[in-house]
$ cat input30.csv   # CSV, C-alpha atoms
chain,number,residue,atom,x,y,z
A,1,MET,CA,96.6,76.9,126.2
A,2,LYS,CA,95.9,80.1,124.2
A,3,PRO,CA,93.0,79.9,121.7
A,4,SER,CA,93.8,80.0,118.1
A,5,LEU,CA,93.7,83.4,116.4
A,6,PHE,CA,92.1,83.8,113.0
A,7,VAL,CA,92.9,86.7,110.8
A,8,ALA,CA,91.2,88.2,107.8
A,9,ARG,CA,92.0,91.3,105.7
A,10,SER,CA,89.5,94.2,105.9
A,11,LYS,CA,87.6,95.2,102.8
A,12,ALA,CA,88.4,98.8,103.4
A,13,ILE,CA,92.0,98.7,102.3
A,14,ALA,CA,94.2,98.8,99.2
A,15,ALA,CA,97.4,96.8,99.2
A,16,ARG,CA,100.2,96.1,96.7
A,17,GLY,CA,103.4,94.2,96.9
A,18,LEU,CA,106.6,96.2,96.4
A,19,GLY,CA,109.6,93.8,96.2
A,20,PRO,CA,109.7,91.9,99.4
A,21,GLU,CA,107.5,94.5,101.2
A,22,THR,CA,103.8,95.2,101.0
A,23,MET,CA,102.2,98.6,101.2
A,24,VAL,CA,98.8,98.7,102.7
A,25,MET,CA,96.5,101.8,102.8
A,26,SER,CA,93.5,102.1,105.0
A,27,ALA,CA,90.6,103.5,103.0
A,28,THR,CA,89.0,104.9,106.2
A,29,ASN,CA,91.8,107.3,107.1
A,30,SER,CA,94.4,107.0,104.3
A,31,THR,CA,97.0,105.7,106.7
A,32,LEU,CA,99.8,104.0,104.9
A,33,PHE,CA,101.6,100.9,106.3
A,34,THR,CA,104.7,99.2,105.0
A,35,LEU,CA,104.9,95.5,105.9
A,36,ASN,CA,108.4,94.1,106.0
A,37,GLU,CA,109.3,90.8,104.3
A,38,VAL,CA,108.1,88.5,107.1
A,39,ALA,CA,105.0,90.4,107.7
A,40,SER,CA,104.3,90.3,104.0
A,41,VAL,CA,104.6,86.5,104.0
A,42,ILE,CA,102.0,86.4,106.7
A,43,TRP,CA,99.8,88.9,104.9
A,44,ARG,CA,99.7,86.9,101.7
A,45,SER,CA,98.7,83.8,103.7
A,46,ILE,CA,95.9,85.3,105.7
A,47,ASP,CA,92.6,83.8,104.6
A,48,GLY,CA,90.3,84.1,107.7
A,49,THR,CA,90.2,80.3,108.1
A,50,THR,CA,93.8,79.2,108.8
A,51,PRO,CA,94.9,79.8,112.4
A,52,LEU,CA,97.7,82.3,112.7
A,53,TRP,CA,99.9,79.7,114.4
A,54,GLU,CA,99.6,77.5,111.4
A,55,ILE,CA,100.5,80.3,109.0
A,56,VAL,CA,103.5,81.2,111.1
A,57,ALA,CA,104.7,77.6,111.4
A,58,ARG,CA,104.2,76.9,107.7
A,59,GLU,CA,105.3,80.2,106.2
A,60,VAL,CA,107.7,81.7,108.7
A,61,CYS,CA,109.4,79.0,110.8
A,62,ALA,CA,109.8,76.7,107.8
A,63,ASN,CA,111.7,79.4,105.9
A,64,TYR,CA,113.4,81.5,108.6
A,65,ASP,CA,115.5,80.5,111.5
A,66,VAL,CA,113.1,81.3,114.3
A,67,ALA,CA,111.3,79.3,117.0
A,68,LEU,CA,107.5,79.0,116.7
A,69,ASP,CA,106.8,80.7,120.1
A,70,VAL,CA,109.0,83.6,119.3
A,71,ALA,CA,107.7,84.1,115.7
A,72,LEU,CA,104.1,83.7,116.9
A,73,GLU,CA,104.5,86.3,119.6
A,74,ASP,CA,105.9,88.7,117.0
A,75,ALA,CA,103.2,87.9,114.4
A,76,GLU,CA,100.4,88.4,117.0
A,77,ALA,CA,101.8,91.8,117.9
A,78,VAL,CA,101.8,92.8,114.2
A,79,VAL,CA,98.3,91.6,113.4
A,80,ARG,CA,96.9,93.1,116.6
A,81,GLY,CA,98.5,96.4,115.7
A,82,LEU,CA,97.1,96.3,112.2
A,83,ALA,CA,93.7,95.3,113.5
A,84,GLN,CA,93.7,98.4,115.7
A,85,HIS,CA,93.9,100.5,112.5
A,86,GLY,CA,91.1,98.6,110.8
A,87,ILE,CA,93.5,96.8,108.4
A,88,LEU,CA,92.8,93.3,109.7
A,89,ILE,CA,89.9,91.6,111.4
A,90,LEU,CA,90.7,89.2,114.3
A,91,SER,CA,88.6,86.4,115.8
A,92,GLU,CA,89.0,83.3,117.9
A,93,LYS,CA,86.8,81.5,115.4
A,94,PRO,CA,87.3,81.1,111.7
A,95,ILE,CA,86.1,84.1,109.7
A,96,PRO,CA,84.0,82.3,107.1
A,97,VAL,CA,83.8,84.9,104.3
A,98,ALA,CA,86.9,85.7,102.4
A,99,ILE,CA,87.0,89.3,103.5
A,100,GLY,CA,90.2,90.4,101.9
A,101,SER,CA,90.1,91.4,98.2
A,102,SER,CA,92.1,89.4,95.7
A,103,ARG,CA,93.9,92.6,94.8
A,104,ALA,CA,95.5,92.5,98.2
A,105,ASP,CA,97.5,89.5,97.2
A,106,GLN,CA,99.3,91.3,94.4
B,1,MET,CA,70.0,138.1,65.4
B,2,SER,CA,66.9,139.3,67.3
B,3,ARG,CA,67.1,141.8,70.0
B,4,ALA,CA,65.7,139.2,72.5
B,5,THR,CA,68.6,136.9,71.6
B,6,ALA,CA,71.2,139.7,71.7
B,7,ASN,CA,70.1,140.8,75.1
B,8,LYS,CA,69.8,137.3,76.5
B,9,ARG,CA,71.7,137.1,79.8
B,10,LYS,CA,74.4,134.6,80.1
B,11,SER,CA,73.3,131.7,82.4
B,12,ALA,CA,76.4,129.5,82.4
B,13,VAL,CA,80.1,129.5,82.1
B,14,VAL,CA,82.2,126.5,80.9
B,15,VAL,CA,85.4,126.0,82.7
B,16,GLU,CA,87.8,123.6,81.0
B,17,ILE,CA,90.6,122.1,83.1
B,18,GLY,CA,92.6,119.2,81.8
B,19,GLY,CA,90.5,119.0,78.7
B,20,VAL,CA,87.3,118.4,80.8
B,21,PRO,CA,84.7,121.1,80.2
B,22,ILE,CA,82.5,121.7,83.2
B,23,ARG,CA,79.5,123.9,82.7
B,24,LEU,CA,78.5,126.0,85.7
B,25,HIS,CA,74.9,127.2,85.6
B,26,CYS,CA,73.9,130.1,87.8
B,27,ASP,CA,71.2,132.7,87.7
B,28,ASN,CA,73.4,135.3,89.3
B,29,ALA,CA,75.2,137.3,86.5
B,30,VAL,CA,77.7,138.9,89.0
B,31,PHE,CA,78.8,135.5,90.2
B,32,LEU,CA,79.2,134.2,86.6
B,33,GLU,CA,81.5,137.2,86.0
B,34,GLN,CA,83.5,136.4,89.1
B,35,ILE,CA,83.9,132.8,87.8
B,36,GLU,CA,85.1,134.1,84.4
B,37,GLU,CA,87.6,136.3,86.1
B,38,ARG,CA,88.8,133.7,88.6
B,39,TYR,CA,89.3,131.1,85.8
B,40,ALA,CA,90.7,133.4,83.1
B,41,GLY,CA,92.5,131.3,80.6
B,42,TYR,CA,90.3,128.2,81.4
B,43,VAL,CA,86.9,129.6,80.3
B,44,SER,CA,85.8,127.8,77.2
B,45,SER,CA,84.1,129.7,74.4
B,46,SER,CA,82.4,126.4,73.4
B,47,SER,CA,79.0,125.5,75.0
B,48,HIS,CA,80.0,121.9,74.9
B,49,ALA,CA,80.4,120.3,78.4
B,50,GLY,CA,80.8,116.8,79.7
B,51,VAL,CA,79.9,117.8,83.3
B,52,ASP,CA,77.1,120.2,84.4
B,53,PHE,CA,76.6,121.9,87.8
B,54,GLU,CA,73.7,124.0,88.9
B,55,ILE,CA,75.0,126.6,91.4
B,56,HIS,CA,72.5,128.0,93.9
B,57,LEU,CA,73.8,130.9,95.9
B,58,ALA,CA,73.1,131.2,99.6
B,59,PRO,CA,73.2,134.4,101.6
B,60,PRO,CA,76.7,135.2,102.9
B,61,ASP,CA,75.8,134.8,106.6
B,62,THR,CA,74.8,131.1,106.0
B,63,ALA,CA,78.5,130.0,105.7
B,64,SER,CA,80.0,128.3,108.7
B,65,GLY,CA,83.8,128.6,108.4
B,66,ASP,CA,84.7,125.9,110.9
B,67,GLU,CA,83.0,122.9,109.4
B,68,ALA,CA,85.5,120.4,108.1
B,69,LEU,CA,85.4,119.0,104.6
B,70,GLU,CA,83.4,115.8,104.3
B,71,VAL,CA,83.2,113.7,101.1
B,72,LYS,CA,81.2,110.6,100.9
B,73,TRP,CA,79.4,108.3,98.4
B,74,GLU,CA,75.7,107.9,99.0
B,75,SER,CA,72.9,106.6,96.8
B,76,GLY,CA,74.8,106.9,93.6
B,77,HIS,CA,76.1,110.4,94.3
B,78,TRP,CA,79.3,111.9,95.7
B,79,LEU,CA,78.3,114.3,98.5
B,80,MET,CA,80.7,117.0,99.4
B,81,LYS,CA,80.2,119.5,102.2
B,82,ARG,CA,82.2,122.1,104.2
B,83,GLY,CA,81.1,125.2,106.1
B,84,ASP,CA,80.9,127.2,102.9
B,85,PHE,CA,79.4,124.8,100.5
B,86,ARG,CA,77.3,121.7,100.0
B,87,ALA,CA,77.5,119.8,96.7
B,88,GLU,CA,76.4,116.6,95.1
B,89,TRP,CA,77.5,115.0,91.9
B,90,ASN,CA,76.3,112.0,90.0
B,91,PRO,CA,79.3,110.5,88.2
B,92,TYR,CA,77.1,108.5,85.8
B,93,SER,CA,74.8,111.3,84.6
B,94,LEU,CA,77.7,113.8,85.2
B,95,GLN,CA,75.2,116.2,86.6
B,96,GLY,CA,75.6,118.0,89.9
B,97,ARG,CA,74.4,120.8,92.2
B,98,ILE,CA,76.3,123.2,94.4
B,99,GLU,CA,74.9,125.3,97.2
B,100,GLN,CA,77.4,128.0,98.3
B,101,THR,CA,77.8,131.6,99.2
B,102,ILE,CA,79.0,134.0,96.5
B,103,ASN,CA,82.6,133.1,96.8
B,104,PRO,CA,84.6,131.6,93.8
B,105,PHE,CA,86.9,129.9,96.2
B,106,SER,CA,84.1,127.6,97.5
B,107,LEU,CA,83.6,126.6,93.9
B,108,ASP,CA,87.3,126.1,93.6
B,109,SER,CA,87.2,123.5,96.3
B,110,VAL,CA,84.3,121.6,94.6
B,111,LEU,CA,86.1,121.7,91.2
B,112,ARG,CA,89.3,120.3,92.8
B,113,ILE,CA,87.3,117.4,94.4
B,114,VAL,CA,85.4,116.6,91.2
B,115,HIS,CA,88.6,116.6,89.2
B,116,THR,CA,90.1,114.1,91.6
B,117,PHE,CA,87.2,111.8,90.8
B,118,LEU,CA,87.5,112.3,87.1
B,119,LEU,CA,91.2,111.9,87.1
B,120,ALA,CA,91.2,108.7,89.2
B,121,ARG,CA,89.0,107.0,86.6
B,122,GLU,CA,91.7,107.4,84.0
B,123,GLY,CA,94.7,106.8,86.2
B,124,GLY,CA,95.5,110.4,86.9
B,125,PHE,CA,95.6,112.5,90.0
B,126,LEU,CA,96.0,116.0,91.5
B,127,LEU,CA,99.3,116.3,93.3
B,128,HIS,CA,100.5,118.7,95.9
B,129,ALA,CA,103.2,120.0,93.6
B,130,SER,CA,104.2,122.9,91.5
B,131,SER,CA,104.8,122.1,87.9
B,132,ALA,CA,106.3,123.8,84.9
B,133,ILE,CA,107.2,123.1,81.3
B,134,ARG,CA,110.7,123.7,79.8
B,135,ASN,CA,111.8,122.7,76.3
B,136,GLY,CA,108.7,120.6,75.9
B,137,SER,CA,109.0,118.6,79.1
B,138,ALA,CA,107.1,119.0,82.3
B,139,PHE,CA,108.8,118.9,85.7
B,140,LEU,CA,106.8,118.3,88.9
B,141,PHE,CA,108.1,119.6,92.3
B,142,SER,CA,106.3,118.1,95.2
B,143,GLY,CA,106.5,118.5,99.0
B,144,VAL,CA,104.8,119.5,102.1
B,145,SER,CA,103.9,123.1,102.8
B,146,GLY,CA,107.1,125.1,103.0
B,147,ALA,CA,109.1,122.6,101.1
B,148,GLY,CA,109.6,125.0,98.2
B,149,LYS,CA,106.8,124.4,95.6
B,150,THR,CA,106.0,128.1,95.2
B,151,THR,CA,109.6,129.0,95.5
B,152,MET,CA,110.4,126.8,92.4
B,153,ALA,CA,107.6,128.6,90.5
B,154,ARG,CA,108.8,132.0,91.5
B,155,LEU,CA,112.4,131.2,90.5
B,156,ALA,CA,111.4,130.0,87.1
B,157,PRO,CA,113.3,131.8,84.3
B,158,PRO,CA,111.3,133.5,81.5
B,159,ASP,CA,111.4,130.5,79.1
B,160,VAL,CA,109.7,128.3,81.7
B,161,VAL,CA,105.9,127.9,81.5
B,162,VAL,CA,104.5,127.6,85.1
B,163,LEU,CA,101.5,125.3,85.2
B,164,THR,CA,100.7,125.8,88.9
B,165,ASP,CA,102.5,126.4,92.2
B,166,GLU,CA,100.1,124.4,94.2
B,167,ALA,CA,98.1,121.5,92.7
B,168,SER,CA,99.5,119.8,89.7
B,169,TYR,CA,97.1,118.1,87.3
B,170,VAL,CA,98.6,114.7,86.2
B,171,THR,CA,96.8,112.8,83.4
B,172,ARG,CA,97.7,109.5,81.8
B,173,ARG,CA,97.4,108.9,78.1
B,174,GLY,CA,98.3,105.4,77.2
B,175,ARG,CA,101.7,104.7,78.8
B,176,GLU,CA,102.6,108.3,79.2
B,177,TYR,CA,101.9,110.9,81.9
B,178,PHE,CA,101.2,114.5,81.2
B,179,ALA,CA,101.2,117.6,83.4
B,180,VAL,CA,98.5,120.0,82.6
B,181,GLY,CA,98.1,123.6,83.7
B,182,THR,CA,95.5,124.5,86.3
B,183,PRO,CA,93.9,127.6,87.7
B,184,PHE,CA,94.5,126.2,91.2
B,185,PHE,CA,97.2,128.3,92.8
B,186,GLY,CA,98.9,128.7,96.2
B,187,GLU,CA,101.0,131.6,97.5
B,188,LEU,CA,101.9,132.6,94.0
B,189,ALA,CA,98.3,133.8,93.6
B,190,ARG,CA,98.6,133.4,89.8
B,191,VAL,CA,96.6,131.1,87.5
B,192,GLY,CA,98.8,128.6,85.7
B,193,ALA,CA,99.3,128.5,82.0
B,194,ASN,CA,96.7,126.4,80.2
B,195,GLU,CA,99.3,124.1,78.6
B,196,ARG,CA,100.4,120.5,78.8
B,197,ALA,CA,103.5,118.4,78.3
B,198,PRO,CA,104.8,114.9,79.0
B,199,VAL,CA,106.2,114.5,82.6
B,200,GLU,CA,110.0,114.2,82.6
B,201,GLY,CA,110.2,113.6,86.3
B,202,LEU,CA,108.8,114.2,89.8
B,203,TYR,CA,111.2,115.9,92.2
B,204,LEU,CA,110.7,115.7,96.0
B,205,LEU,CA,111.7,119.0,97.4
B,206,ALA,CA,114.1,119.6,100.3
B,207,LYS,CA,116.0,122.8,101.1
B,208,GLY,CA,119.8,122.5,101.6
B,209,PRO,CA,123.1,124.2,101.2
B,210,VAL,CA,123.8,123.0,97.6
B,211,ASN,CA,121.7,122.1,94.7
B,212,LYS,CA,121.6,118.4,94.0
B,213,ILE,CA,119.4,115.7,92.5
B,214,GLU,CA,119.6,112.2,94.0
B,215,PRO,CA,117.7,109.0,93.2
B,216,ILE,CA,115.4,107.5,95.7
B,217,ASP,CA,114.2,103.9,96.0
B,218,ARG,CA,110.9,102.8,94.7
B,219,ALA,CA,109.3,102.2,98.1
B,220,ASP,CA,110.2,105.7,99.2
B,221,ALA,CA,108.9,107.1,95.9
B,222,VAL,CA,105.5,105.4,96.4
B,223,ARG,CA,105.3,106.6,100.0
B,224,ALA,CA,106.1,110.2,99.0
B,225,LEU,CA,103.8,110.2,96.1
B,226,LEU,CA,100.8,108.8,98.1
B,227,ARG,CA,101.5,111.4,100.8
B,228,ASN,CA,101.1,114.2,98.2
B,229,ILE,CA,98.2,113.0,96.1
B,230,LEU,CA,95.1,114.9,96.8
B,231,PHE,CA,92.2,112.6,97.5
B,232,PHE,CA,89.2,113.3,99.5
B,233,ALA,CA,87.0,110.2,99.3
B,234,ARG,CA,87.6,107.2,101.5
B,235,GLU,CA,85.6,104.6,99.5
B,236,THR,CA,87.7,101.5,98.9
B,237,ASP,CA,87.2,101.4,95.1
B,238,PHE,CA,88.4,105.0,94.9
B,239,VAL,CA,91.4,104.4,97.2
B,240,GLU,CA,92.4,101.4,95.1
B,241,MET,CA,92.3,103.5,91.9
B,242,VAL,CA,94.6,106.1,93.5
B,243,PHE,CA,96.8,103.4,94.9
B,244,ASP,CA,97.1,101.8,91.4
B,245,ALA,CA,97.8,105.1,89.8
B,246,ALA,CA,100.6,105.9,92.3
B,247,PHE,CA,102.3,102.5,91.6
B,248,ASP,CA,101.9,102.9,87.9
B,249,PHE,CA,103.3,106.4,88.0
B,250,VAL,CA,106.4,105.3,89.9
B,251,ASP,CA,107.0,102.6,87.4
B,252,ARG,CA,106.9,105.0,84.5
B,253,VAL,CA,108.2,108.3,85.7
B,254,PRO,CA,111.6,109.0,87.4
B,255,ILE,CA,111.1,110.2,90.9
B,256,ARG,CA,114.1,111.9,92.5
B,257,ARG,CA,115.0,114.1,95.5
B,258,LEU,CA,115.9,117.7,94.7
B,259,THR,CA,117.8,119.5,97.4
B,260,PHE,CA,118.1,123.1,96.6
B,261,THR,CA,119.1,126.5,97.7
B,262,PRO,CA,116.4,129.0,96.8
B,263,ASN,CA,118.1,130.9,94.0
B,264,PHE,CA,117.6,131.0,90.3
B,265,ARG,CA,120.5,128.6,89.6
B,266,VAL,CA,118.4,125.7,90.7
B,267,TRP,CA,116.7,125.9,87.2
B,268,GLU,CA,120.1,125.2,85.6
B,269,MET,CA,119.4,121.5,86.4
B,270,PHE,CA,116.2,121.5,84.4
B,271,ILE,CA,116.9,122.1,80.8

$ encode --input "input30.csv" --output "structure tokens"
Amino acid sequence: MKPSLFVARSKAIAARGLGPETMVMSATNSTLFTLNEVASVIWRSIDGTTPLWEIVAREVCANYDVALDVALEDAEAVVRGLAQHGILILSEKPIPVAIGSSRADQ
Amino acid sequence: MSRATANKRKSAVVVEIGGVPIRLHCDNAVFLEQIEERYAGYVSSSSHAGVDFEIHLAPPDTASGDEALEVKWESGHWLMKRGDFRAEWNPYSLQGRIEQTINPFSLDSVLRIVHTFLLAREGGFLLHASSAIRNGSAFLFSGVSGAGKTTMARLAPPDVVVLTDEASYVTRRGREYFAVGTPFFGELARVGANERAPVEGLYLLAKGPVNKIEPIDRADAVRALLRNILFFARETDFVEMVFDAAFDFVDRVPIRRLTFTPNFRVWEMFI
């Protein structure tokens, strides 16, 4: 069984919702990312302490017609991609401090 | 007036861009004259200044042309350095120091960076764009290098007041955005008029066979704007201010795509 993945937002970002999408800018290199609707749902739920599978089950599978394993695989690919750019922090243990700024929820 | 006072050498020049007077102190009279010439139209006769810089000139052979620009926040100061200058600025005391060779264009870079800090605090920004005033309204033309910023400035008819062909100075006053003239120029090699007007719209430039203006969606507008805002610092607070400014600007100012053929008729669409 795969270990749970915990995800937190980096402090070095600026993020704003734009309709169903979310725009995220890395403060380190000014790279701009646009998250689609589903990725935005996950983004808003990221808190460092809820496992990714639970977020996907609760926020994605409950609202979109998609199986958990498929949605989780996609979500992991997205968060790992964003983590490579320093937008997200990943851990196999809960990330205790709320790292993301509240402004990222807007 | 005593002879001593009359003969007193000038030790500073005040350059006022966007209504922000910056006093530049230097003990080299030749360099001060160069500054007055470079910033003609923006040199203030008043001695009042909100920001002060001490400029220390280094010998010409100390410049290293290949060192990339670095801007960082350290111990309560913004530090800026490139091959041809090193500068620090305290945004609380508004005092700073520049070490550079005798080259007004090094100073130009420092001023651009400092103005991005000052503008961000009030929700404004410097934008890769030419800008001009016609009939009391300002038009911004933005795009990457080669998109037509300078071309739009060159094609401007006589009744159009060109503010810049390179770096547009956008300030916010209440709910309104204004474009302000700058001495920062590109290929046009001409200082912009020191005037201001409310922004009518931002036009993203593309060259094409016919002149046309098209709407773009909000997300594309934000993306395009963020690509063209000049910001040099990477600190999160600063990036958030710029980010907020971009979203607010898009909410308040129409942003459209302007496809144009480079001839004077393009200005018929801006009256």

$ interface_residues --input "input30.csv" --of "chain A" --to "chain B" --cutoff "6 Å" --atoms "all atoms listed in the file" --output "list in words"
Ala12, Ala14, Ala27 and Thr28 of chain A

$ residues_around --input "input30.csv" --residues "region 51-54 of chain B" --least-positions-apart "6" --cutoff "7 Å" --atoms "all atoms listed in the file" --output "PyMOL selection string"
chain B and resi 21-26+94-98

$ atom_distance --input "input30.csv" --atom1 "CA of Gly181 (chain B)" --atom2 "CA of Phe105 (chain B)"
17.9 Å

$ atom_distance --input "input30.csv" --atom1 "CA of Pro60 (chain B)" --atom2 "CA of Phe31 (chain B)"
12.9 Å

$ atom_distance --input "input30.csv" --atom1 "CA of Ile102 (chain B)" --atom2 "CA of Leu69 (chain B)"
18.2 Å

$ residues_near_point --input "input30.csv" --point "(91.7, 81.6, 107.5)" --cutoff "10 Å" --atoms "all atoms listed in the file" --output "MDAnalysis selection string"
chainID A and resid 5:9 45:52 54:55 93:99

$ closest_residue --input "input30.csv" --among "B:Val13, B:Gly76, B:Leu111, B:Gly148" --to "Pro183 (chain B)" --atoms "all atoms listed in the file"
B:Leu111

$ residues_around --input "input30.csv" --residues "Arg196 (chain B)" --least-positions-apart "3" --cutoff "8 Å" --atoms "all atoms listed in the file" --output "VMD selection string"
chain B and resid 133 138 178 to 181

$ build_atoms --input "input30.csv" --residues "region 73-95 of chain B" --atoms "N, CA and C atoms" --output "mmCIF file, keeping the file's coordinate frame"
data_model
loop_
_atom_site.group_PDB
_atom_site.id
_atom_site.type_symbol
_atom_site.label_atom_id
_atom_site.label_comp_id
_atom_site.auth_asym_id
_atom_site.auth_seq_id
_atom_site.Cartn_x
_atom_site.Cartn_y
_atom_site.Cartn_z
ATOM 1 N N TRP B 73 80.248 108.864 99.504
ATOM 2 C CA TRP B 73 79.400 108.300 98.400
ATOM 3 C C TRP B 73 78.133 107.824 99.040
ATOM 4 N N GLU B 74 77.035 108.285 98.476
ATOM 5 C CA GLU B 74 75.700 107.900 99.000
ATOM 6 C C GLU B 74 74.702 107.878 97.926
ATOM 7 N N SER B 75 74.015 106.779 97.804
ATOM 8 C CA SER B 75 72.900 106.600 96.800
ATOM 9 C C SER B 75 73.284 107.061 95.433
ATOM 10 N N GLY B 76 74.419 106.639 94.973
ATOM 11 C CA GLY B 76 74.800 106.900 93.600
ATOM 12 C C GLY B 76 75.335 108.332 93.363
ATOM 13 N N HIS B 77 75.614 109.048 94.436
ATOM 14 C CA HIS B 77 76.100 110.400 94.300
ATOM 15 C C HIS B 77 77.365 110.585 95.189
ATOM 16 N N TRP B 78 78.250 111.445 94.747
ATOM 17 C CA TRP B 78 79.300 111.900 95.700
ATOM 18 C C TRP B 78 78.695 113.157 96.371
ATOM 19 N N LEU B 79 78.767 113.145 97.679
ATOM 20 C CA LEU B 79 78.300 114.300 98.500
ATOM 21 C C LEU B 79 79.548 114.954 99.056
ATOM 22 N N MET B 80 79.577 116.271 98.922
ATOM 23 C CA MET B 80 80.700 117.000 99.400
ATOM 24 C C MET B 80 80.167 118.191 100.253
ATOM 25 N N LYS B 81 80.691 118.361 101.444
ATOM 26 C CA LYS B 81 80.200 119.500 102.200
ATOM 27 C C LYS B 81 81.317 120.062 103.102
ATOM 28 N N ARG B 82 81.252 121.355 103.279
ATOM 29 C CA ARG B 82 82.200 122.100 104.200
ATOM 30 C C ARG B 82 81.344 123.252 104.677
ATOM 31 N N GLY B 83 81.896 124.037 105.547
ATOM 32 C CA GLY B 83 81.100 125.200 106.100
ATOM 33 C C GLY B 83 80.595 126.093 105.026
ATOM 34 N N ASP B 84 81.321 126.244 103.934
ATOM 35 C CA ASP B 84 80.900 127.200 102.900
ATOM 36 C C ASP B 84 80.271 126.657 101.696
ATOM 37 N N PHE B 85 80.098 125.340 101.617
ATOM 38 C CA PHE B 85 79.400 124.800 100.500
ATOM 39 C C PHE B 85 78.825 123.400 100.785
ATOM 40 N N ARG B 86 77.819 123.048 100.017
ATOM 41 C CA ARG B 86 77.300 121.700 100.000
ATOM 42 C C ARG B 86 77.137 121.343 98.519
ATOM 43 N N ALA B 87 77.596 120.190 98.115
ATOM 44 C CA ALA B 87 77.500 119.800 96.700
ATOM 45 C C ALA B 87 77.217 118.357 96.556
ATOM 46 N N GLU B 88 76.577 118.007 95.480
ATOM 47 C CA GLU B 88 76.400 116.600 95.100
ATOM 48 C C GLU B 88 76.678 116.440 93.658
ATOM 49 N N TRP B 89 77.175 115.268 93.288
ATOM 50 C CA TRP B 89 77.500 115.000 91.900
ATOM 51 C C TRP B 89 77.290 113.569 91.555
ATOM 52 N N ASN B 90 76.583 113.353 90.466
ATOM 53 C CA ASN B 90 76.300 112.000 90.000
ATOM 54 C C ASN B 90 77.363 111.653 88.911
ATOM 55 N N PRO B 91 78.273 110.740 89.180
ATOM 56 C CA PRO B 91 79.300 110.500 88.200
ATOM 57 C C PRO B 91 78.852 109.694 86.977
ATOM 58 N N TYR B 92 77.608 109.233 86.993
ATOM 59 C CA TYR B 92 77.100 108.500 85.800
ATOM 60 C C TYR B 92 76.364 109.495 84.888
ATOM 61 N N SER B 93 75.497 110.339 85.452
ATOM 62 C CA SER B 93 74.800 111.300 84.600
ATOM 63 C C SER B 93 75.726 112.550 84.384
ATOM 64 N N LEU B 94 76.755 112.679 85.225
ATOM 65 C CA LEU B 94 77.700 113.800 85.200
ATOM 66 C C LEU B 94 77.007 115.136 85.518
ATOM 67 N N GLN B 95 75.891 115.052 86.229
ATOM 68 C CA GLN B 95 75.200 116.200 86.600
ATOM 69 C C GLN B 95 75.400 116.469 88.146
#
